[in-house]
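Student: Quick one: the structure is below, and I'll ask about it shortly.
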Number of protein chains: 2
Amino acid sequence: MPTPTPLALSGDHMTATYRLTGDRAQAEAAARDICIEQTVEFPEDLIGRDDIREQIVGRIARLEPAGEGCFEAVIEFAAETAGRELTQLLNVLFGNISLKPGIRLERFDLPQSLLAHFRGPRFGQAGLRSLLDVHDRPLLCTAIKPMGLSAAELGELTYKLALGGIDLIKDDHGLADQSFCPFDERVRACGDAVERAHEQTGRRCLYLPNVTGPADQIVERGRRARAAGAGGLLCSPGLAGLDTMRQIAADDQIALPILSHPAFQGPFTLRPDEGLSHGALYGQINRLAGADGAIFPNYGGRFSFTEEQCRDIVRGATCDMGSLAPIYPVPAGGMSLARVPELCRFYGRESILLVGGDLHRHGPDLVENCRKFVQLVQQEFAA
Amino acid sequence: MPTPTPLALSGDHMTATYRLTGDRAQAEAAARDICIEQTVEFPEDLIGRDDIREQIVGRIARLEPAGEGCFEAVIEFAAETAGRELTQLLNVLFGNISLKPGIRLERFDLPQSLLAHFRGPRFGQAGLRSLLDVHDRPLLCTAIKPMGLSAAELGELTYKLALGGIDLIKDDHGLADQSFCPFDERVRACGDAVERAHEQTGRRCLYLPNVTGPADQIVERGRRARAAGAGGLLCSPGLAGLDTMRQIAADDQIALPILSHPAFQGPFTLRPDEGLSHGALYGQINRLAGADGAIFPNYGGRFSFTEEQCRDIVRGATCDMGSLAPIYPVPAGGMSLARVPELCRFYGRESILLVGGDLHRHGPDLVENCRKFVQLVQQEFAA
């Protein structure tokens with residue numbers, strides 16, 4: 001072998017907190033396993049170099065009981081193991097051990113030397129609010145659907161929703177580039193629609209087309225969308241890749257706010273003892289990956305998230321991450337106008353409330369139904 | 001609204017088979033829910049158009065008991081709902097319902113009109129075998145590690161492994177572009193190493209660097225790697241995005257075989273009643289996304305996959321998918337030389353056997369240990 005190059009790392013480290021299922025001996029073994037599996041992935045007794053053992057292998061900083069049959073382990077990894085890349089950062093935090101049962105990543109904390117490589121959300125809560133010039137209540141969002149409508153029909157729908165006072169009108173996440181509703185045609189129709197409505201109302205309204213699509217086309221779609229009047233973008237990082245969302249967020253020619261959609265990410269949070277916590281995935285990781293708002297299925301809708309899990313998303317979306325701005329929680333998934341007061345109380349002003357299909361349920365006048373949505377929210381935040 | 005544009009879809013459909021937990025009534029409700037949630041995502045009674053209800057909403061083709069407390073549902077979706085894109089295809093198959101408990105995607109079948117949009121594996125089993133000119137036994141693979149070694153040290157390791165007769169030498173999936181081992185430097189050192197060994201042995205050997213990295217750099221890394229002597233690429237689609245792997249597989253300037261690594265994908269297959277089947281994810285979806293071989297943790301190693309789950313991966317890697325070539329199962333994850341005969345019998349000739357750290361455990365002469373690995377396999381396949 002050539003003369004070994006001794007490691008001289010900075011000493012900066014990230015810390016990751018894991019929930020480990022089992023008794024103390026099992027939890028200790030799992031914690032030790034994480035230290036190895038996530039770094040050297042090599043039999044410890046065969047590592048011939050002390051510097052690798054001391055500087056690359058993870059270190060258990062804390063291991064404590066965290067309830068019946070489970071422990072919480074805090075593990076430190078050298079900042080340099082993550083390189084300067086989201087992909088490798090996620091790999092160190094949860095790559096191989098994602099394949100092992102009984103381990104859940106709860107949260108993580110990155111040193112500024114690592115955070116410096118991530119721009120994070122371009123707008124964040126404050127930037128998005130200032131784009132819309134709405135300051136006294138949650139922002140209101142809806143989706144255009146169902147799949148099967150033509151671009152012109154979706155444009156007309158967008159026009160009515162914008163007239164009715166919705167702040168953010170997004171594509172349904174199932175609208176991609178299908179033959180019956182091509183992406184470019186839809187973006188033009190809906191971009192024109194928000195502009196027409198703006199001429200009448202003077203209000204700002206953002207249309208967010210779904211750019212989730214082929215890796216080699218997504219940036220171009222984002223740029224064309226901006227040129228055609230899009231005011232933001234919808235992206236499903238579970239389908240397109242987390243780093244692909246980061247790429248479109250960082251693109252200075254796009255420079256639009258991004259809402260992330262949780263499609264295909266469900267298995268990460270279905271079990272309390274495995275995968276990722278809701279706050280880690282939909283909050284912290286989304287922020288690293290450039291989302292300005294994170295759509296998720298609210299408690300009590302068509303999905304099974306609990307109140308506590310939704311609170312954890314708010315935590316992850318807003319907790320201190322150094323230079324990374326807080327982002328909006330966007331509760332969705334079968335929300336109804338009837339629940340608006342409750343949602344306002346639960347999430348408070350710093351949220352985006354998304355009501356989809358239910359807006360169509362309150363009589364044939366969609367514009368009027370939107371106004372009702374706006375009024376319901378305004379009432380909750382009246383002085 | 002503008003005059004509705006009536007849908008005139010081809011009638012081609014894909015079929016997806018789901019395992020649903022519950023009694024018959026619950027399974028029927030879940031199957032019906034999938035038909036709606038994965039397409040229109042809109043209250044059925046509010047869909048104003050028969051053509052959307054008939055052509056866009058999914059259709060239950062079959063619902064049958066599949067064991068104690070579970071059913072199997074076969075659901076048909078119009079081919080056009082998936083557009084021409086992997087991202088939207090995955091969205092229709094498992095986007096929103098991934099967020100619901102008790103639903104697992106077992107397998108799927110695509111019509112040729114949809115498959116035509118996917119090149120799939122560029123090499124597949126036959127192409128990879130012909131690149132290596134090895135025809136009478138499984139292909140042999142190992143990984144260079146541990147993280148912390150310099151590029152020069154990893155190059156020296158690669159040289160020995162190639163001298164010893166390994167067919168495919170891949171980066172450990174944790175080697176990215178860290179300061180202590182930059183990507184380009186490593187690829188040059190290891191590319192040179194396989195070339196030096198080739199001059200001595202006359203044997204072919206492929207070095208596969210890990211290109212998993214930022215979305216805006218990954219294609220360039222692949223192209224530079226090829227220029228520097230890489231014979232294939234390693235990619236973790238759970239980190240980089242499935243469609244990003246497809247992009248590098250489809251790039252004609254890269255044109256190298258790809259092994260996929262399962263990092264960060266664990267939660268998809270941890271539970272028998274949720275997520276994706278092993279065969280669907282590591283087999284079928286990997287093929288759509290351009291992998292030529294799928295690395296996965298073998299039964300009885302450091303991870304928890306069962307024999308049956310590993311067999312399901314072989315099924316997904318090799319089942320009929322029209323124009324898409326079969327790909328190699330690559331069992332790994334703590335495999336030892338002692339288990340080689342068993343692995344040969346279990347997976348047969350059409351596999352890639354990956355032994356990592358254990359190659360370093362059989363005495364200090366790594367070249368000799370590799371030769372032992374080759375001999376063990378040759379013995380099993382001697383006439």
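By convention here, the chains of the structure tokens are called A, B, ... in the order presented, each chain's residues are numbered starting at 1, and ligands are numbered starting at 1 in the order presented.
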For chain A, work out the contacting residues on chain B at 7 Å, counting only C-alpha atoms, and write them as a VMD selection string.

Tutor: chain B and resid 1 to 2 4 to 5 39 to 43 52 56 80 to 81 83 85 87 to 88 91 94 to 96 98 to 101 145 to 148 150 152 to 153 156 174 176 to 179 212 to 216 239 to 241 243 to 244 247 263 to 268 270 275 303 to 304 357

Student: Contacts of segment 108-119 of chain B at 6 Å or less, counting only C-alpha atoms, minus same-chain residues fewer than 2 places along, as a short mmCIF file (atom, residue, chain, number, x, y, z; two decimals) with all heavy atoms, in the first residue's frame?

Tutor:
```cif
data_model
loop_
_atom_site.label_atom_id
_atom_site.label_comp_id
_atom_site.auth_asym_id
_atom_site.auth_seq_id
_atom_site.Cartn_x
_atom_site.Cartn_y
_atom_site.Cartn_z
N MET B 14 -52.42 -0.30 -17.68
CA MET B 14 -51.46 -1.04 -16.87
C MET B 14 -52.26 -1.72 -15.76
O MET B 14 -53.34 -1.25 -15.38
CB MET B 14 -50.40 -0.12 -16.29
CG MET B 14 -50.92 1.13 -15.63
SD MET B 14 -49.53 2.20 -15.14
CE MET B 14 -50.39 3.72 -14.79
N THR B 15 -51.73 -2.81 -15.23
CA THR B 15 -52.40 -3.45 -14.09
C THR B 15 -51.43 -3.48 -12.92
O THR B 15 -50.24 -3.75 -13.09
CB THR B 15 -52.82 -4.90 -14.40
OG1 THR B 15 -51.66 -5.66 -14.70
CG2 THR B 15 -53.79 -4.98 -15.56
N ALA B 16 -51.96 -3.16 -11.75
CA ALA B 16 -51.15 -3.18 -10.54
C ALA B 16 -51.83 -4.10 -9.54
O ALA B 16 -53.05 -4.07 -9.38
CB ALA B 16 -51.03 -1.78 -9.97
N ARG B 84 -45.61 9.82 -20.03
CA ARG B 84 -44.53 9.04 -20.64
C ARG B 84 -43.33 9.08 -19.71
O ARG B 84 -42.20 9.08 -20.14
CB ARG B 84 -44.17 9.65 -22.00
CG ARG B 84 -45.24 9.45 -23.06
CD ARG B 84 -45.34 10.63 -24.00
NE ARG B 84 -45.85 11.79 -23.29
CZ ARG B 84 -46.50 12.82 -23.86
NH1 ARG B 84 -46.71 12.81 -25.16
NH2 ARG B 84 -46.93 13.84 -23.16
#
```

Student: Can you tell me, as a count of residues only, what residues are no more than 12 Å from segment 367-383 of chain A when counting only C-alpha atoms, ignoring any on the same chain fewer than 6 positions away?

Tutor: 51

Student: Please provide the set of residues having any atom within 9 Å of Tyr328 of chain A, restricted to only C-alpha atoms, with same-chain residues fewer than 6 positions apart removed, written as a PDB file with all heavy atoms, in the first residue's frame.

Tutor:
```pdb
ATOM      1  N   GLY A 124     -38.886  30.792   2.035  1.00  0.00           N
ATOM      2  CA  GLY A 124     -39.255  30.533   3.419  1.00  0.00           C
ATOM      3  C   GLY A 124     -40.566  31.229   3.757  1.00  0.00           C
ATOM      4  O   GLY A 124     -41.234  31.799   2.890  1.00  0.00           O
ATOM      5  N   GLN A 125     -40.933  31.166   5.031  1.00  0.00           N
ATOM      6  CA  GLN A 125     -42.202  31.771   5.446  1.00  0.00           C
ATOM      7  C   GLN A 125     -42.253  33.265   5.113  1.00  0.00           C
ATOM      8  O   GLN A 125     -43.200  33.738   4.476  1.00  0.00           O
ATOM      9  CB  GLN A 125     -42.397  31.585   6.949  1.00  0.00           C
ATOM     10  CG  GLN A 125     -42.702  30.146   7.357  1.00  0.00           C
ATOM     11  CD  GLN A 125     -43.121  30.033   8.815  1.00  0.00           C
ATOM     12  OE1 GLN A 125     -43.134  31.026   9.554  1.00  0.00           O
ATOM     13  NE2 GLN A 125     -43.486  28.832   9.237  1.00  0.00           N
ATOM     14  N   LEU A 259     -43.608  24.325  -3.270  1.00  0.00           N
ATOM     15  CA  LEU A 259     -44.324  23.487  -2.304  1.00  0.00           C
ATOM     16  C   LEU A 259     -43.965  22.033  -2.605  1.00  0.00           C
ATOM     17  O   LEU A 259     -44.006  21.606  -3.757  1.00  0.00           O
ATOM     18  CB  LEU A 259     -45.844  23.673  -2.420  1.00  0.00           C
ATOM     19  CG  LEU A 259     -46.429  25.038  -2.043  1.00  0.00           C
ATOM     20  CD1 LEU A 259     -47.967  24.958  -2.053  1.00  0.00           C
ATOM     21  CD2 LEU A 259     -45.948  25.505  -0.669  1.00  0.00           C
ATOM     22  N   GLY A 283     -40.248  18.161   7.537  1.00  0.00           N
ATOM     23  CA  GLY A 283     -39.732  19.443   7.982  1.00  0.00           C
ATOM     24  C   GLY A 283     -38.268  19.624   7.614  1.00  0.00           C
ATOM     25  O   GLY A 283     -37.933  20.267   6.628  1.00  0.00           O
ATOM     26  N   ALA A 291     -37.594  23.237  -0.184  1.00  0.00           N
ATOM     27  CA  ALA A 291     -39.027  23.531  -0.193  1.00  0.00           C
ATOM     28  C   ALA A 291     -39.313  24.767   0.662  1.00  0.00           C
ATOM     29  O   ALA A 291     -38.652  24.994   1.676  1.00  0.00           O
ATOM     30  CB  ALA A 291     -39.818  22.339   0.347  1.00  0.00           C
ATOM     31  N   ASP A 292     -40.293  25.566   0.247  1.00  0.00           N
ATOM     32  CA  ASP A 292     -40.745  26.706   1.051  1.00  0.00           C
ATOM     33  C   ASP A 292     -41.996  26.364   1.848  1.00  0.00           C
ATOM     34  O   ASP A 292     -42.373  27.089   2.774  1.00  0.00           O
ATOM     35  CB  ASP A 292     -41.022  27.907   0.138  1.00  0.00           C
ATOM     36  CG  ASP A 292     -39.768  28.337  -0.592  1.00  0.00           C
ATOM     37  OD1 ASP A 292     -38.882  28.929   0.058  1.00  0.00           O
ATOM     38  OD2 ASP A 292     -39.639  28.038  -1.788  1.00  0.00           O
ATOM     39  N   GLY A 293     -42.647  25.285   1.469  1.00  0.00           N
ATOM     40  CA  GLY A 293     -43.802  24.798   2.195  1.00  0.00           C
ATOM     41  C   GLY A 293     -43.914  23.298   1.973  1.00  0.00           C
ATOM     42  O   GLY A 293     -43.551  22.801   0.907  1.00  0.00           O
ATOM     43  N   ALA A 294     -44.380  22.576   2.998  1.00  0.00           N
ATOM     44  CA  ALA A 294     -44.462  21.119   2.927  1.00  0.00           C
ATOM     45  C   ALA A 294     -45.915  20.691   3.058  1.00  0.00           C
ATOM     46  O   ALA A 294     -46.528  20.857   4.118  1.00  0.00           O
ATOM     47  CB  ALA A 294     -43.639  20.495   4.039  1.00  0.00           C
ATOM     48  N   ILE A 295     -46.452  20.161   1.967  1.00  0.00           N
ATOM     49  CA  ILE A 295     -47.811  19.618   2.003  1.00  0.00           C
ATOM     50  C   ILE A 295     -47.779  18.260   2.699  1.00  0.00           C
ATOM     51  O   ILE A 295     -46.871  17.462   2.457  1.00  0.00           O
ATOM     52  CB  ILE A 295     -48.356  19.463   0.571  1.00  0.00           C
ATOM     53  CG1 ILE A 295     -48.414  20.829  -0.112  1.00  0.00           C
ATOM     54  CG2 ILE A 295     -49.722  18.771   0.571  1.00  0.00           C
ATOM     55  CD1 ILE A 295     -48.722  20.765  -1.601  1.00  0.00           C
ATOM     56  N   VAL A 314     -44.633  20.628  12.128  1.00  0.00           N
ATOM     57  CA  VAL A 314     -44.463  22.058  12.405  1.00  0.00           C
ATOM     58  C   VAL A 314     -43.104  22.298  13.070  1.00  0.00           C
ATOM     59  O   VAL A 314     -42.373  23.224  12.706  1.00  0.00           O
ATOM     60  CB  VAL A 314     -45.609  22.596  13.295  1.00  0.00           C
ATOM     61  CG1 VAL A 314     -45.355  24.054  13.671  1.00  0.00           C
ATOM     62  CG2 VAL A 314     -46.953  22.439  12.590  1.00  0.00           C
ATOM     63  N   ALA A 317     -40.406  21.999  10.506  1.00  0.00           N
ATOM     64  CA  ALA A 317     -40.490  23.079   9.510  1.00  0.00           C
ATOM     65  C   ALA A 317     -39.975  24.403  10.061  1.00  0.00           C
ATOM     66  O   ALA A 317     -39.643  25.305   9.293  1.00  0.00           O
ATOM     67  CB  ALA A 317     -41.934  23.233   9.030  1.00  0.00           C
ATOM     68  N   THR A 318     -39.924  24.508  11.379  1.00  0.00           N
ATOM     69  CA  THR A 318     -39.623  25.818  11.972  1.00  0.00           C
ATOM     70  C   THR A 318     -38.486  25.811  12.990  1.00  0.00           C
ATOM     71  O   THR A 318     -38.094  26.872  13.469  1.00  0.00           O
ATOM     72  CB  THR A 318     -40.884  26.374  12.681  1.00  0.00           C
ATOM     73  OG1 THR A 318     -41.308  25.412  13.671  1.00  0.00           O
ATOM     74  CG2 THR A 318     -42.026  26.594  11.699  1.00  0.00           C
ATOM     75  N   GLU A 350     -49.038  31.115  11.058  1.00  0.00           N
ATOM     76  CA  GLU A 350     -47.919  30.754  10.178  1.00  0.00           C
ATOM     77  C   GLU A 350     -48.117  29.381   9.549  1.00  0.00           C
ATOM     78  O   GLU A 350     -47.400  28.423   9.833  1.00  0.00           O
ATOM     79  CB  GLU A 350     -46.597  30.847  10.938  1.00  0.00           C
ATOM     80  CG  GLU A 350     -46.246  32.253  11.382  1.00  0.00           C
ATOM     81  CD  GLU A 350     -46.319  33.292  10.245  1.00  0.00           C
ATOM     82  OE1 GLU A 350     -46.102  32.944   9.066  1.00  0.00           O
ATOM     83  OE2 GLU A 350     -46.624  34.465  10.550  1.00  0.00           O
ATOM     84  N   SER A 351     -49.124  29.317   8.687  1.00  0.00           N
ATOM     85  CA  SER A 351     -49.410  28.058   8.001  1.00  0.00           C
ATOM     86  C   SER A 351     -50.055  28.370   6.661  1.00  0.00           C
ATOM     87  O   SER A 351     -50.459  29.503   6.396  1.00  0.00           O
ATOM     88  CB  SER A 351     -50.356  27.200   8.852  1.00  0.00           C
ATOM     89  OG  SER A 351     -51.569  27.898   9.076  1.00  0.00           O
ATOM     90  N   ILE A 352     -50.115  27.363   5.819  1.00  0.00           N
ATOM     91  CA  ILE A 352     -50.872  27.448   4.568  1.00  0.00           C
ATOM     92  C   ILE A 352     -51.957  26.383   4.663  1.00  0.00           C
ATOM     93  O   ILE A 352     -51.650  25.207   4.891  1.00  0.00           O
ATOM     94  CB  ILE A 352     -49.974  27.169   3.345  1.00  0.00           C
ATOM     95  CG1 ILE A 352     -48.835  28.200   3.264  1.00  0.00           C
ATOM     96  CG2 ILE A 352     -50.797  27.179   2.056  1.00  0.00           C
ATOM     97  CD1 ILE A 352     -47.859  27.963   2.106  1.00  0.00           C
TER      98      ILE A 352
END
```

Student: Would you mind writing down, as a PyMOL selection string, each residue of segment 180-374 of chain A that DSSP on the backbone assigns to strand (DSSP E or B)?

Tutor: chain A and resi 206-208+210+233-235+258-260+275-276+293-297+328-332+352-354

Student: Find the residues around Arg204 of chain B up to 8 Å (only C-alpha atoms counted), leave out those fewer than 5 positions away in its own chain, and share them as a ChimeraX atom specification.

Tutor: /B:132-133,167,198

Student: Residues of segment 174-254 of chain B classed as helix (DSSP H, G or I) by DSSP on the backbone are to be reported as number ranges by chain.

Tutor: B: 183-201, 218-227, 237-240, 242-250

Student: Interatomic distance between atom CA of Tyr282 of chain A and atom CA of Ile313 of chain A?

Tutor: 6.1 Å

Student: Interatomic distance between atom CA of Asp273 of chain B and atom CA of Glu28 of chain A?

Tutor: 28.8 Å
